[in-house]
Each structure stands twice: as structure tokens, then as C-alpha cells.
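Listing of entry33.cif; format and content: mmCIF, C-alpha atoms.
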```
data_input
#
loop_
_atom_site.group_PDB
_atom_site.id
_atom_site.type_symbol
_atom_site.label_atom_id
_atom_site.label_comp_id
_atom_site.auth_asym_id
_atom_site.auth_seq_id
_atom_site.Cartn_x
_atom_site.Cartn_y
_atom_site.Cartn_z
ATOM 1 C CA MET M 1 0.000 0.000 0.000
ATOM 2 C CA LYS M 2 1.409 3.337 -0.984
ATOM 3 C CA ARG M 3 2.164 5.752 1.870
ATOM 4 C CA LEU M 4 2.597 9.479 1.900
ATOM 5 C CA PHE M 5 5.642 11.026 3.503
ATOM 6 C CA VAL M 6 3.953 14.374 3.994
ATOM 7 C CA ALA M 7 4.585 16.040 7.354
ATOM 8 C CA PHE M 8 1.998 18.286 8.983
ATOM 9 C CA SER M 9 2.034 21.807 7.634
ATOM 10 C CA ILE M 10 3.349 24.185 10.261
ATOM 11 C CA ALA M 11 0.626 26.538 9.111
ATOM 12 C CA ALA M 12 -1.884 24.099 10.544
ATOM 13 C CA PHE M 13 -0.874 25.074 14.019
ATOM 14 C CA CYS M 14 0.209 28.722 13.838
ATOM 15 C CA SER M 15 -0.665 29.295 17.523
ATOM 16 C CA LEU M 16 -3.370 26.607 17.383
ATOM 17 C CA THR M 17 -6.198 29.090 17.092
ATOM 18 C CA ALA M 18 -5.140 31.733 14.599
ATOM 19 C CA GLY M 19 -6.620 34.992 15.845
ATOM 20 C CA ALA M 20 -7.923 33.605 19.136
ATOM 21 C CA ARG M 21 -7.724 35.579 22.369
ATOM 22 C CA GLN M 22 -5.857 32.948 24.303
ATOM 23 C CA GLY M 23 -2.279 31.810 24.740
ATOM 24 C CA PRO M 24 -0.834 28.827 22.908
ATOM 25 C CA ALA M 25 -0.907 25.425 24.513
ATOM 26 C CA ALA M 26 2.237 23.845 25.864
ATOM 27 C CA GLY M 27 4.287 22.574 22.973
ATOM 28 C CA ALA M 28 2.740 24.956 20.456
ATOM 29 C CA PRO M 29 5.090 25.709 17.551
ATOM 30 C CA PRO M 30 6.275 29.166 16.575
ATOM 31 C CA PRO M 31 4.462 31.067 13.829
ATOM 32 C CA PRO M 32 5.076 29.639 10.356
ATOM 33 C CA GLN M 33 7.632 31.049 7.979
ATOM 34 C CA ALA M 34 6.318 32.994 5.048
ATOM 35 C CA GLY M 35 5.063 30.770 2.253
ATOM 36 C CA PRO M 36 3.850 31.628 -1.219
ATOM 37 C CA PRO M 37 1.637 34.727 -1.305
ATOM 38 C CA PRO M 38 -2.095 34.035 -1.576
ATOM 39 C CA SER M 39 -3.031 33.418 -5.183
ATOM 40 C CA ALA M 40 -5.260 31.067 -7.111
ATOM 41 C CA ALA M 41 -2.195 29.901 -9.028
ATOM 42 C CA ALA M 42 -0.679 28.602 -5.785
ATOM 43 C CA ILE M 43 -3.682 26.339 -5.122
ATOM 44 C CA GLU M 44 -3.321 22.828 -6.492
ATOM 45 C CA VAL M 45 -6.439 20.974 -7.620
ATOM 46 C CA GLU M 46 -6.801 17.216 -7.260
ATOM 47 C CA THR M 47 -9.842 15.783 -9.029
ATOM 48 C CA LEU M 48 -11.478 12.877 -7.224
ATOM 49 C CA LYS M 49 -14.742 12.751 -9.189
ATOM 50 C CA ASP M 50 -16.278 14.968 -11.836
ATOM 51 C CA ASN M 51 -18.015 16.847 -8.995
ATOM 52 C CA LEU M 52 -15.516 16.399 -6.148
ATOM 53 C CA TYR M 53 -12.158 18.135 -5.769
ATOM 54 C CA VAL M 54 -9.450 18.655 -3.165
ATOM 55 C CA LEU M 55 -7.752 22.072 -3.262
ATOM 56 C CA LYS M 56 -4.320 22.121 -1.624
ATOM 57 C CA GLY M 57 -2.142 25.003 -0.491
ATOM 58 C CA GLY M 58 -2.754 28.054 1.680
ATOM 59 C CA GLY M 59 -3.418 26.065 4.838
ATOM 60 C CA GLY M 60 -5.558 22.997 5.306
ATOM 61 C CA ASN M 61 -6.986 21.027 2.416
ATOM 62 C CA THR M 62 -10.265 22.311 1.015
ATOM 63 C CA THR M 63 -12.811 19.862 -0.367
ATOM 64 C CA VAL M 64 -15.227 21.137 -3.005
ATOM 65 C CA PHE M 65 -18.426 19.179 -3.687
ATOM 66 C CA ILE M 66 -20.514 20.392 -6.622
ATOM 67 C CA THR M 67 -23.986 19.132 -5.865
ATOM 68 C CA ALA M 68 -26.706 18.519 -8.439
ATOM 69 C CA ASN M 69 -29.379 20.708 -6.851
ATOM 70 C CA ASN M 70 -27.893 22.569 -3.895
ATOM 71 C CA GLY M 71 -24.990 24.566 -5.253
ATOM 72 C CA VAL M 72 -21.359 24.175 -4.220
ATOM 73 C CA VAL M 73 -20.346 22.923 -0.792
ATOM 74 C CA VAL M 74 -16.904 23.979 0.454
ATOM 75 C CA ILE M 75 -15.277 22.111 3.336
ATOM 76 C CA ASP M 76 -12.669 24.314 5.090
ATOM 77 C CA THR M 77 -11.456 27.672 3.806
ATOM 78 C CA LYS M 78 -7.712 27.974 4.540
ATOM 79 C CA LEU M 79 -5.540 30.661 6.152
ATOM 80 C CA PRO M 80 -6.225 34.416 6.315
ATOM 81 C CA GLY M 81 -5.957 35.984 2.874
ATOM 82 C CA TRP M 82 -6.643 32.743 1.021
ATOM 83 C CA GLY M 83 -10.424 33.000 0.801
ATOM 84 C CA LYS M 84 -10.498 35.124 -2.356
ATOM 85 C CA PRO M 85 -7.927 33.004 -4.227
ATOM 86 C CA LEU M 86 -9.900 29.950 -3.132
ATOM 87 C CA LEU M 87 -13.097 31.389 -4.572
ATOM 88 C CA GLU M 88 -11.251 32.282 -7.765
ATOM 89 C CA LYS M 89 -9.982 28.718 -8.095
ATOM 90 C CA ILE M 90 -13.450 27.290 -7.448
ATOM 91 C CA ARG M 91 -14.811 29.431 -10.281
ATOM 92 C CA THR M 92 -12.455 27.622 -12.657
ATOM 93 C CA LEU M 93 -14.203 24.374 -11.702
ATOM 94 C CA THR M 94 -17.846 25.481 -11.856
ATOM 95 C CA ASP M 95 -20.056 28.506 -12.415
ATOM 96 C CA ARG M 96 -22.505 27.340 -9.746
ATOM 97 C CA PRO M 97 -22.665 29.460 -6.585
ATOM 98 C CA VAL M 98 -21.155 28.459 -3.282
ATOM 99 C CA THR M 99 -24.100 27.919 -0.950
ATOM 100 C CA THR M 100 -22.564 26.109 2.002
ATOM 101 C CA ILE M 101 -19.323 26.085 3.978
ATOM 102 C CA ILE M 102 -18.557 23.347 6.477
ATOM 103 C CA ASN M 103 -15.656 23.953 8.862
ATOM 104 C CA THR M 104 -14.215 20.731 10.270
ATOM 105 C CA HIS M 105 -12.851 22.493 13.381
ATOM 106 C CA VAL M 106 -11.828 25.904 14.707
ATOM 107 C CA HIS M 107 -8.205 26.263 13.600
ATOM 108 C CA GLY M 108 -7.542 29.361 11.551
ATOM 109 C CA ASP M 109 -5.971 27.533 8.623
ATOM 110 C CA HIS M 110 -9.356 25.847 8.096
ATOM 111 C CA THR M 111 -11.747 28.735 8.919
ATOM 112 C CA SER M 112 -10.168 32.086 8.071
ATOM 113 C CA GLY M 113 -11.232 32.177 4.426
ATOM 114 C CA ASN M 114 -14.873 32.255 5.556
ATOM 115 C CA VAL M 115 -14.749 36.052 5.665
ATOM 116 C CA ASP M 116 -14.088 36.299 1.918
ATOM 117 C CA PHE M 117 -17.192 34.375 0.870
ATOM 118 C CA PRO M 118 -20.585 35.995 0.344
ATOM 119 C CA ALA M 119 -22.373 36.615 3.648
ATOM 120 C CA THR M 120 -25.344 34.678 2.269
ATOM 121 C CA VAL M 121 -23.394 31.397 2.370
ATOM 122 C CA ASN M 122 -24.625 29.069 5.105
ATOM 123 C CA ILE M 123 -21.722 28.118 7.404
ATOM 124 C CA VAL M 124 -22.143 24.840 9.278
ATOM 125 C CA VAL M 125 -20.109 23.547 12.239
ATOM 126 C CA GLN M 126 -20.389 21.398 15.332
ATOM 127 C CA ALA M 127 -21.785 23.496 18.199
ATOM 128 C CA ASN M 128 -18.512 23.558 20.173
ATOM 129 C CA THR M 129 -16.666 24.879 17.132
ATOM 130 C CA ARG M 130 -19.089 27.792 16.916
ATOM 131 C CA THR M 131 -18.249 28.639 20.551
ATOM 132 C CA ASP M 132 -14.526 28.343 19.821
ATOM 133 C CA MET M 133 -14.806 30.566 16.747
ATOM 134 C CA GLU M 134 -16.540 33.280 18.763
ATOM 135 C CA LYS M 135 -13.245 33.736 20.674
ATOM 136 C CA MET M 136 -11.286 34.481 17.497
ATOM 137 C CA ASP M 137 -10.453 38.110 16.720
ATOM 138 C CA LEU M 138 -11.135 37.387 13.057
ATOM 139 C CA PHE M 139 -14.834 36.935 13.742
ATOM 140 C CA LYS M 140 -15.338 39.981 15.959
ATOM 141 C CA GLY M 141 -17.242 43.136 15.023
ATOM 142 C CA GLU M 142 -18.383 43.344 11.412
ATOM 143 C CA ASN M 143 -16.982 39.885 10.713
ATOM 144 C CA ALA M 144 -19.321 38.296 13.239
ATOM 145 C CA LYS M 145 -21.674 37.813 10.299
ATOM 146 C CA PHE M 146 -19.298 35.086 9.106
ATOM 147 C CA LEU M 147 -19.806 33.011 12.222
ATOM 148 C CA PRO M 148 -21.717 29.776 11.561
ATOM 149 C CA ARG M 149 -25.503 30.010 11.483
ATOM 150 C CA THR M 150 -26.122 26.261 11.477
ATOM 151 C CA THR M 151 -24.766 24.039 14.247
ATOM 152 C CA PHE M 152 -25.333 20.467 15.362
ATOM 153 C CA GLN M 153 -24.532 18.288 18.367
ATOM 154 C CA ASP M 154 -23.912 14.678 17.293
ATOM 155 C CA LYS M 155 -25.175 14.248 13.722
ATOM 156 C CA LEU M 156 -26.658 16.368 10.969
ATOM 157 C CA SER M 157 -27.663 15.518 7.403
ATOM 158 C CA LEU M 158 -27.716 18.199 4.716
ATOM 159 C CA PHE M 159 -29.702 17.750 1.511
ATOM 160 C CA THR M 160 -31.062 14.507 0.106
ATOM 161 C CA GLY M 161 -30.404 11.903 -2.574
ATOM 162 C CA ALA M 162 -27.058 12.118 -4.356
ATOM 163 C CA ASP M 163 -26.447 15.511 -2.730
ATOM 164 C CA ARG M 164 -26.705 14.218 0.836
ATOM 165 C CA ILE M 165 -23.916 15.053 3.263
ATOM 166 C CA ASP M 166 -23.751 13.502 6.735
ATOM 167 C CA LEU M 167 -21.894 15.321 9.510
ATOM 168 C CA TYR M 168 -20.758 13.405 12.604
ATOM 169 C CA TYR M 169 -19.304 14.398 15.947
ATOM 170 C CA PHE M 170 -17.770 11.574 17.976
ATOM 171 C CA GLY M 171 -16.504 13.620 20.910
ATOM 172 C CA PRO M 172 -13.415 15.717 21.677
ATOM 173 C CA GLY M 173 -10.210 14.872 19.873
ATOM 174 C CA GLY M 174 -7.766 17.378 18.425
ATOM 175 C CA THR M 175 -10.344 19.996 19.479
ATOM 176 C CA ASP M 176 -13.747 19.755 21.135
ATOM 177 C CA GLY M 177 -15.584 20.193 17.835
ATOM 178 C CA ASP M 178 -13.930 17.855 15.313
ATOM 179 C CA THR M 179 -16.417 17.049 12.550
ATOM 180 C CA TRP M 180 -16.269 14.060 10.196
ATOM 181 C CA ILE M 181 -18.090 14.609 6.905
ATOM 182 C CA VAL M 182 -19.413 11.772 4.748
ATOM 183 C CA ILE M 183 -20.682 12.118 1.180
ATOM 184 C CA PRO M 184 -22.462 8.753 0.789
ATOM 185 C CA ALA M 185 -23.046 8.905 -2.963
ATOM 186 C CA LEU M 186 -19.302 9.365 -3.505
ATOM 187 C CA ALA M 187 -18.183 6.935 -0.765
ATOM 188 C CA THR M 188 -15.974 9.701 0.628
ATOM 189 C CA ILE M 189 -15.166 10.925 4.132
ATOM 190 C CA VAL M 190 -13.437 14.196 5.053
ATOM 191 C CA GLY M 191 -11.690 14.226 8.418
ATOM 192 C CA GLY M 192 -10.019 17.623 8.639
ATOM 193 C CA ASP M 193 -7.250 17.542 11.217
ATOM 194 C CA ALA M 194 -8.887 14.622 12.999
ATOM 195 C CA PHE M 195 -6.896 12.782 10.316
ATOM 196 C CA ALA M 196 -4.498 15.421 9.076
ATOM 197 C CA ASN M 197 -2.176 12.804 7.586
ATOM 198 C CA THR M 198 -0.198 9.735 8.606
ATOM 199 C CA ALA M 199 1.733 11.438 11.383
ATOM 200 C CA VAL M 200 1.515 12.223 15.088
ATOM 201 C CA THR M 201 -1.395 14.572 15.631
ATOM 202 C CA LEU M 202 -1.737 17.668 17.801
ATOM 203 C CA ILE M 203 -4.066 17.887 20.805
ATOM 204 C CA ASP M 204 -5.261 21.477 21.244
ATOM 205 C CA LYS M 205 -6.101 21.736 24.935
ATOM 206 C CA ASN M 206 -6.966 25.428 24.515
ATOM 207 C CA ASN M 207 -9.925 24.357 22.402
ATOM 208 C CA GLY M 208 -11.055 21.343 24.395
ATOM 209 C CA GLY M 209 -8.820 18.706 22.810
ATOM 210 C CA SER M 210 -8.351 15.342 24.492
ATOM 211 C CA ALA M 211 -5.867 12.554 23.772
ATOM 212 C CA THR M 212 -8.161 9.951 25.326
ATOM 213 C CA GLY M 213 -11.129 11.342 23.438
ATOM 214 C CA TYR M 214 -9.147 11.385 20.212
ATOM 215 C CA LEU M 215 -8.541 7.646 20.271
ATOM 216 C CA GLN M 216 -12.149 7.011 21.268
ATOM 217 C CA ALA M 217 -13.393 9.172 18.392
ATOM 218 C CA LEU M 218 -11.137 7.514 15.829
ATOM 219 C CA THR M 219 -12.246 4.095 17.053
ATOM 220 C CA ARG M 220 -15.894 5.081 16.627
ATOM 221 C CA VAL M 221 -15.280 6.355 13.106
ATOM 222 C CA ALA M 222 -13.714 3.046 12.116
ATOM 223 C CA SER M 223 -16.480 0.987 13.710
ATOM 224 C CA GLU M 224 -19.581 3.057 12.938
ATOM 225 C CA ILE M 225 -19.047 4.579 9.489
ATOM 226 C CA ARG M 226 -19.879 2.321 6.552
ATOM 227 C CA GLY M 227 -19.692 2.511 2.770
ATOM 228 C CA VAL M 228 -16.574 4.695 2.510
ATOM 229 C CA ASN M 229 -13.471 3.979 0.443
ATOM 230 C CA THR M 230 -11.939 7.448 -0.079
ATOM 231 C CA VAL M 231 -10.516 9.513 2.802
ATOM 232 C CA VAL M 232 -9.605 13.187 2.421
ATOM 233 C CA THR M 233 -7.061 14.237 5.034
ATOM 234 C CA GLY M 234 -6.632 17.666 6.564
ATOM 235 C CA HIS M 235 -3.129 18.337 5.225
ATOM 236 C CA GLY M 236 -1.857 15.228 3.482
ATOM 237 C CA GLY M 237 -3.005 13.268 0.486
ATOM 238 C CA VAL M 238 -6.165 11.415 -0.397
ATOM 239 C CA LEU M 239 -6.024 8.008 1.285
ATOM 240 C CA THR M 240 -8.118 4.870 1.596
ATOM 241 C CA TRP M 241 -10.428 3.523 4.256
ATOM 242 C CA ASN M 242 -7.793 0.919 5.152
ATOM 243 C CA ASP M 243 -5.317 3.742 5.752
ATOM 244 C CA LEU M 244 -7.716 5.282 8.241
ATOM 245 C CA VAL M 245 -8.247 1.968 10.019
ATOM 246 C CA GLU M 246 -4.484 1.504 10.261
ATOM 247 C CA TYR M 247 -4.151 5.034 11.648
ATOM 248 C CA VAL M 248 -6.500 4.112 14.472
ATOM 249 C CA GLY M 249 -4.102 1.275 15.320
ATOM 250 C CA PHE M 250 -1.143 3.641 15.157
ATOM 251 C CA ASN M 251 -2.724 5.954 17.717
ATOM 252 C CA ARG M 252 -3.691 3.034 19.944
ATOM 253 C CA ASP M 253 -0.113 1.738 19.865
ATOM 254 C CA PHE M 254 1.344 5.211 20.393
ATOM 255 C CA GLN M 255 -0.832 5.947 23.408
ATOM 256 C CA ALA M 256 -0.020 2.549 24.961
ATOM 257 C CA TRP M 257 3.721 3.209 24.499
ATOM 258 C CA VAL M 258 3.433 6.635 26.128
ATOM 259 C CA ARG M 259 1.462 5.324 29.104
ATOM 260 C CA ALA M 260 4.106 2.643 29.621
ATOM 261 C CA ALA M 261 6.797 5.339 29.524
ATOM 262 C CA LYS M 262 4.953 7.315 32.182
ATOM 263 C CA GLN M 263 4.527 4.249 34.376
ATOM 264 C CA ALA M 264 8.270 3.645 34.053
ATOM 265 C CA GLY M 265 8.863 7.081 35.568
ATOM 266 C CA LYS M 266 10.079 8.813 32.426
ATOM 267 C CA THR M 267 9.423 12.492 31.864
ATOM 268 C CA VAL M 268 7.693 13.726 28.724
ATOM 269 C CA GLU M 269 11.042 15.049 27.515
ATOM 270 C CA GLN M 270 12.726 11.691 28.062
ATOM 271 C CA ALA M 271 9.903 9.796 26.401
ATOM 272 C CA SER M 272 9.777 12.129 23.404
ATOM 273 C CA ASN M 273 13.527 11.773 22.880
ATOM 274 C CA GLU M 274 13.283 7.974 22.968
ATOM 275 C CA TYR M 275 10.211 7.447 20.813
ATOM 276 C CA LYS M 276 10.566 5.893 17.364
ATOM 277 C CA HIS M 277 7.818 4.618 15.088
ATOM 278 C CA PRO M 278 7.393 0.836 15.244
ATOM 279 C CA ASP M 279 8.540 -0.932 12.094
ATOM 280 C CA LYS M 280 5.004 -1.319 10.721
ATOM 281 C CA TYR M 281 4.619 2.481 10.720
ATOM 282 C CA GLN M 282 8.020 3.346 9.242
ATOM 283 C CA ALA M 283 6.369 4.881 6.176
ATOM 284 C CA TYR M 284 4.642 7.473 8.372
ATOM 285 C CA ALA M 285 5.987 11.013 8.564
ATOM 286 C CA PRO M 286 9.000 11.143 10.916
ATOM 287 C CA PRO M 287 8.101 12.174 14.474
ATOM 288 C CA GLN M 288 8.322 15.946 14.916
ATOM 289 C CA PRO M 289 9.473 16.950 18.422
ATOM 290 C CA MET M 290 6.886 19.692 18.970
ATOM 291 C CA PHE M 291 3.988 17.414 18.004
ATOM 292 C CA ILE M 292 5.373 14.435 19.912
ATOM 293 C CA ARG M 293 5.763 16.454 23.113
ATOM 294 C CA ASN M 294 2.331 18.018 22.745
ATOM 295 C CA TYR M 295 0.553 14.683 22.241
ATOM 296 C CA MET M 296 2.589 12.966 24.975
ATOM 297 C CA GLN M 297 1.876 15.738 27.459
ATOM 298 C CA ALA M 298 -1.841 15.368 26.828
ATOM 299 C CA ILE M 299 -1.601 11.608 27.431
ATOM 300 C CA TYR M 300 0.427 12.147 30.629
ATOM 301 C CA ASP M 301 -2.092 14.719 31.879
ATOM 302 C CA GLU M 302 -5.032 12.412 31.238
ATOM 303 C CA SER M 303 -3.442 9.174 32.496
ATOM 304 C CA ARG M 304 -3.848 8.060 36.094
#
```

How does this structure look as C-alpha cells?
Amino acid sequence: MKRLFVAFSIAAFCSLTAGARQGPAAGAPPPPQAGPPPSAAAIEVETLKDNLYVLKGGGGNTTVFITANNGVVVIDTKLPGWGKPLLEKIRTLTDRPVTTIINTHVHGDHTSGNVDFPATVNIVVQANTRTDMEKMDLFKGENAKFLPRTTFQDKLSLFTGADRIDLYYFGPGGTDGDTWIVIPALATIVGGDAFANTAVTLIDKNNGGSATGYLQALTRVASEIRGVNTVVTGHGGVLTWNDLVEYVGFNRDFQAWVRAAKQAGKTVEQASNEYKHPDKYQAYAPPQPMFIRNYMQAIYDESR
């Protein structure tokens, strides 16, 4: 099975809550270095179906679903300044209007482009993500009109027939509002940073993240979702359902290793310096110290 050696984009975690009025969590990385300036030309398009695309660059991956009867649905809207180039790129794919935005979670590299879309677009998120977004400077004042109008608790279905989209919340993980999005007619699931790529994830305690909850949520996805074969990650490539199932095992093994390290009396620093991927996960992105320490600290804090 082909693996992707793509590491998490630093932009994914540029203070964990780009624009939020709160300090970074322990282990948060420094702000990202300057990348390419926002432009439609810098956005790469990957075609999955004749009505389904993944747009890469400028932050988290954006999924574009051109429905038959309900306009264009956009999942995640990238970093500040990338909303207009994103819209420009979408217009090269279709002349249908964008009617709906779904944000998978609060992080600014997945939500900031909201403010560049028409105010008439319906923005949909899990209820906790709406609360998290209200803390962000970006959505204060005049920009409060770009806060989500539609929220849900555990599950929400949008549209019907071939246009149907199912939104699921399985509990706190990377944040307290991680949403999994299934397009049944296309056998596709979008995980945002709940499955950013095959690498160690980040647990954002500032926004309700939980290491224990993360593994529980991933386990529920693998056991409760059916009929999916294509998985769109938050920052990596397009993977398969089997890749997602394996990633659940990776996190289970990782958390067990960390708990054993804690029980052996090792500090987070010692454990992070010693950790290496088991052989069966050697194709995963190499462990990055700031992500390793962040995830390990969350496990230590939550372990008895």
C-alpha cells in the first residue's frame, strides 16, 4: 500500500487558534515562515470525481463538492488571505454558486477564508466549534456575520439523494468540535485535522482537545461509518479507508507506548527523545518533536 511522507504543515498550528484571544498550549510551535503569497495559481487541484475536488495550499486542504441541486459545498477555507484566491480557483471548476461552507474544526488555517465568501453562504459547524470561533479576533465586530448560522450536536444531514452530506461528531479529539463529513453517494469521508495525515497529531487543549477522546473518536469512526473507500485528510493526500483503520491502530499503539513510559517514571522530555515509530509504521511522517511532546503531554495529563 502506498504511503505518503507528507509532514503536517506548520501553518496548521500557527498558535493553534489563529486569531484567538488565548495563549498557545504547551508545545505549540512558533508562527510559520512565510510561504507563497495568496493566489489562485498557488492552489493545487486534485480531481477525485467529476463533482468532487481537493484544493491544496494556503493552509488545510479544502474539499469542493458540486452538488446537483444545492450549489457548491466547500469544506474548510484555509488561512487568512486565502479566501479570495480559493473562490477564484473554485470558479475555474464550476459557475454554480457556493451555498454552504462546512468547517471541520476551529483552527484558523481551516476557517479564516470564511470572511471572503458571500455573507449569504450558510456556514455549518459542530456546536462547540461555533463557541470556539466566537473567541477568534477574526470573527469579531463586522466579521461576526461570518460566524456559523447552522450548528449540530452529534449528527446532521444536509440535503437529500445524491447531494446528501452527513456530519458526525464523535466527541473531543484534536479539538472539542472535530467534525467528520461523509458524502455517501461518492463513498468519501473528510476528516479535517482529525486525520491530518499519517503522522503524530496535535491535541489542542486550549480548544477542548483530548488525547483519550481522540482515540475514542477515531475508534468510533472506524467501527460506525460504513460505505466509505476514499478519505480526504486535513493536510496530506487522499487516502483509503484501510489507511484510516491503520491510523486508528497507530494511535492506539502510540498511546499505549506513552502510558508505559509514564509508568516507568520517564518524563515527557525523556519519552519524546526515545520514541521511534514501530517498524510497521516506518512509512509514516518522521516524528516531529513539537507534536510528539504536545501529544505525549496530553496523554500524561489524562493518564492516572

Using only C-alpha atoms, which residues of segment 124-208 of chain M come within 10 Å of segment 221-224 of chain M, and what is the closest atom pair for each, with the distance in Å to one decimal? Give it as a tab-separated table, sorted by chain and residue number.
```
residue	atom	partner	partner_atom	distance
M:Tyr168	CA	M:Val221	CA	8.9
M:Tyr169	CA	M:Val221	CA	9.4
M:Phe170	CA	M:Val221	CA	7.6
M:Trp180	CA	M:Val221	CA	8.3
M:Gly191	CA	M:Val221	CA	9.8
```

Using only C-alpha atoms, which residues sit within 8 Å of segment 114-122 of chain M once same-chain residues fewer than 6 positions away are excluded, as a tab-separated table (two decimals) with C-alpha atoms, in the coordinates of the input?
```tsv
chain	number	residue	atom	x	y	z
M	77	THR	CA	-11.46	27.67	3.81
M	83	GLY	CA	-10.42	33.00	0.80
M	84	LYS	CA	-10.50	35.12	-2.36
M	87	LEU	CA	-13.10	31.39	-4.57
M	98	VAL	CA	-21.16	28.46	-3.28
M	99	THR	CA	-24.10	27.92	-0.95
M	100	THR	CA	-22.56	26.11	2.00
M	101	ILE	CA	-19.32	26.08	3.98
M	143	ASN	CA	-16.98	39.88	10.71
M	145	LYS	CA	-21.67	37.81	10.30
M	146	PHE	CA	-19.30	35.09	9.11
M	148	PRO	CA	-21.72	29.78	11.56
M	149	ARG	CA	-25.50	30.01	11.48
M	150	THR	CA	-26.12	26.26	11.48
```

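If you count all atoms listed in the file and ignore residues fewer than 5 places along the chain from Pro287 of chain M, what sits within 12 Å of it is Phe5, Val6, Ala7, Phe8, Thr198, Ala199, Val200, Thr201, Leu202, Phe254, Ser272, Asn273, Glu274, Tyr275, Lys276, His277, Pro278, Tyr281, Gln282, Ile292, Arg293, Asn294, Tyr295 and Met296 of chain M.
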
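Nearest-residue note for Gly108 of chain M: choosing from M:Lys155, M:Lys78, M:Arg96, M:Lys266, the minimum distance belongs to M:Lys78, counting all atoms listed in the file.
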
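Note that the spacing between atom CA of Ile181 of chain M and atom CA of Ile43 of chain M amounts to 22.1 Å.
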
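If you measure from each of M:Asn207, M:Pro37, M:Asn197, M:Ile225 to Pro286 of chain M using all atoms listed in the file, the closest one turns out to be M:Asn197.
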
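One distance worth recording is that between atom CA of Ile203 of chain M and atom CA of Thr151 of chain M, which is 22.6 Å.
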
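Note that the spacing between atom CA of Asn103 of chain M and atom CA of Leu218 of chain M amounts to 18.4 Å.
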
Task: Nearest candidate to Gly113 of chain M (options M:Gly141, M:Pro289, M:Gly173, M:Pro38; using only C-alpha atoms) - done: M:Pro38

Open item on the list: Please list as a PyMOL selection string every residue within 12 Å of Gly213 of chain M, counting only C-alpha atoms and excluding residues in the same chain fewer than 5 positions away.
Closed with: chain M and resi 169-178+194+203-205+208+218-220+251-252+255+298-299+302

- [ ] Would you mind telling me which residue in M:Leu48, M:Ser39, M:Lys140, M:Gln263 lies nearest to Leu239 of chain M when using all atoms listed in the file?
- [x] M:Leu48

Task: Residues within 12 Å of (-20.7, 14.4, -0.1), counting only C-alpha atoms, listed as number ranges by chain - done: M: 48-49, 51-53, 63-68, 70, 72-75, 102, 157-167, 180-190, 228, 230-232

Output of the above residues as a PDB file, keeping the file's coordinate frame, restricted to C-alpha atoms:
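Once written, result28.pdb looks like this:
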```pdb
ATOM      1  CA  LEU M  48     -11.478  12.877  -7.224  1.00  0.00           C
ATOM      2  CA  LYS M  49     -14.742  12.751  -9.189  1.00  0.00           C
ATOM      3  CA  ASN M  51     -18.015  16.847  -8.995  1.00  0.00           C
ATOM      4  CA  LEU M  52     -15.516  16.399  -6.148  1.00  0.00           C
ATOM      5  CA  TYR M  53     -12.158  18.135  -5.769  1.00  0.00           C
ATOM      6  CA  THR M  63     -12.811  19.862  -0.367  1.00  0.00           C
ATOM      7  CA  VAL M  64     -15.227  21.137  -3.005  1.00  0.00           C
ATOM      8  CA  PHE M  65     -18.426  19.179  -3.687  1.00  0.00           C
ATOM      9  CA  ILE M  66     -20.514  20.392  -6.622  1.00  0.00           C
ATOM     10  CA  THR M  67     -23.986  19.132  -5.865  1.00  0.00           C
ATOM     11  CA  ALA M  68     -26.706  18.519  -8.439  1.00  0.00           C
ATOM     12  CA  ASN M  70     -27.893  22.569  -3.895  1.00  0.00           C
ATOM     13  CA  VAL M  72     -21.359  24.175  -4.220  1.00  0.00           C
ATOM     14  CA  VAL M  73     -20.346  22.923  -0.792  1.00  0.00           C
ATOM     15  CA  VAL M  74     -16.904  23.979   0.454  1.00  0.00           C
ATOM     16  CA  ILE M  75     -15.277  22.111   3.336  1.00  0.00           C
ATOM     17  CA  ILE M 102     -18.557  23.347   6.477  1.00  0.00           C
ATOM     18  CA  SER M 157     -27.663  15.518   7.403  1.00  0.00           C
ATOM     19  CA  LEU M 158     -27.716  18.199   4.716  1.00  0.00           C
ATOM     20  CA  PHE M 159     -29.702  17.750   1.511  1.00  0.00           C
ATOM     21  CA  THR M 160     -31.062  14.507   0.106  1.00  0.00           C
ATOM     22  CA  GLY M 161     -30.404  11.903  -2.574  1.00  0.00           C
ATOM     23  CA  ALA M 162     -27.058  12.118  -4.356  1.00  0.00           C
ATOM     24  CA  ASP M 163     -26.447  15.511  -2.730  1.00  0.00           C
ATOM     25  CA  ARG M 164     -26.705  14.218   0.836  1.00  0.00           C
ATOM     26  CA  ILE M 165     -23.916  15.053   3.263  1.00  0.00           C
ATOM     27  CA  ASP M 166     -23.751  13.502   6.735  1.00  0.00           C
ATOM     28  CA  LEU M 167     -21.894  15.321   9.510  1.00  0.00           C
ATOM     29  CA  TRP M 180     -16.269  14.060  10.196  1.00  0.00           C
ATOM     30  CA  ILE M 181     -18.090  14.609   6.905  1.00  0.00           C
ATOM     31  CA  VAL M 182     -19.413  11.772   4.748  1.00  0.00           C
ATOM     32  CA  ILE M 183     -20.682  12.118   1.180  1.00  0.00           C
ATOM     33  CA  PRO M 184     -22.462   8.753   0.789  1.00  0.00           C
ATOM     34  CA  ALA M 185     -23.046   8.905  -2.963  1.00  0.00           C
ATOM     35  CA  LEU M 186     -19.302   9.365  -3.505  1.00  0.00           C
ATOM     36  CA  ALA M 187     -18.183   6.935  -0.765  1.00  0.00           C
ATOM     37  CA  THR M 188     -15.974   9.701   0.628  1.00  0.00           C
ATOM     38  CA  ILE M 189     -15.166  10.925   4.132  1.00  0.00           C
ATOM     39  CA  VAL M 190     -13.437  14.196   5.053  1.00  0.00           C
ATOM     40  CA  VAL M 228     -16.574   4.695   2.510  1.00  0.00           C
ATOM     41  CA  THR M 230     -11.939   7.448  -0.079  1.00  0.00           C
ATOM     42  CA  VAL M 231     -10.516   9.513   2.802  1.00  0.00           C
ATOM     43  CA  VAL M 232      -9.605  13.187   2.421  1.00  0.00           C
TER      44      VAL M 232
END
```

TODO: May I have the residues within 8 Å of Glu46 of chain M as a list in words, using all atoms listed in the file and disregarding those fewer than 5 positions away in the same chain?
DONE: Tyr53, Val54, Leu55 and Lys56 of chain M

Could you put an axis-aligned box around every listed atom of segment 171-180 of chain M, padded by 4 Å on each side, and send me its centre and edge lengths in Å to one decimal, as AutoDock Vina command-line options?
```
--center_x -12.1 --center_y 16.9 --center_z 15.9 --size_x 16.7 --size_y 14.6 --size_z 19.5
```

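This file gives the following result for the PyMOL selection byres ((chain M and resi 42) around 12): Gly35, Pro36, Pro37, Pro38, Ser39, Ala40, Ala41, Ile43, Glu44, Val45, Leu55, Lys56, Gly57, Gly58, Gly59, Trp82, Pro85, Leu86, Glu88 and Lys89 of chain M.
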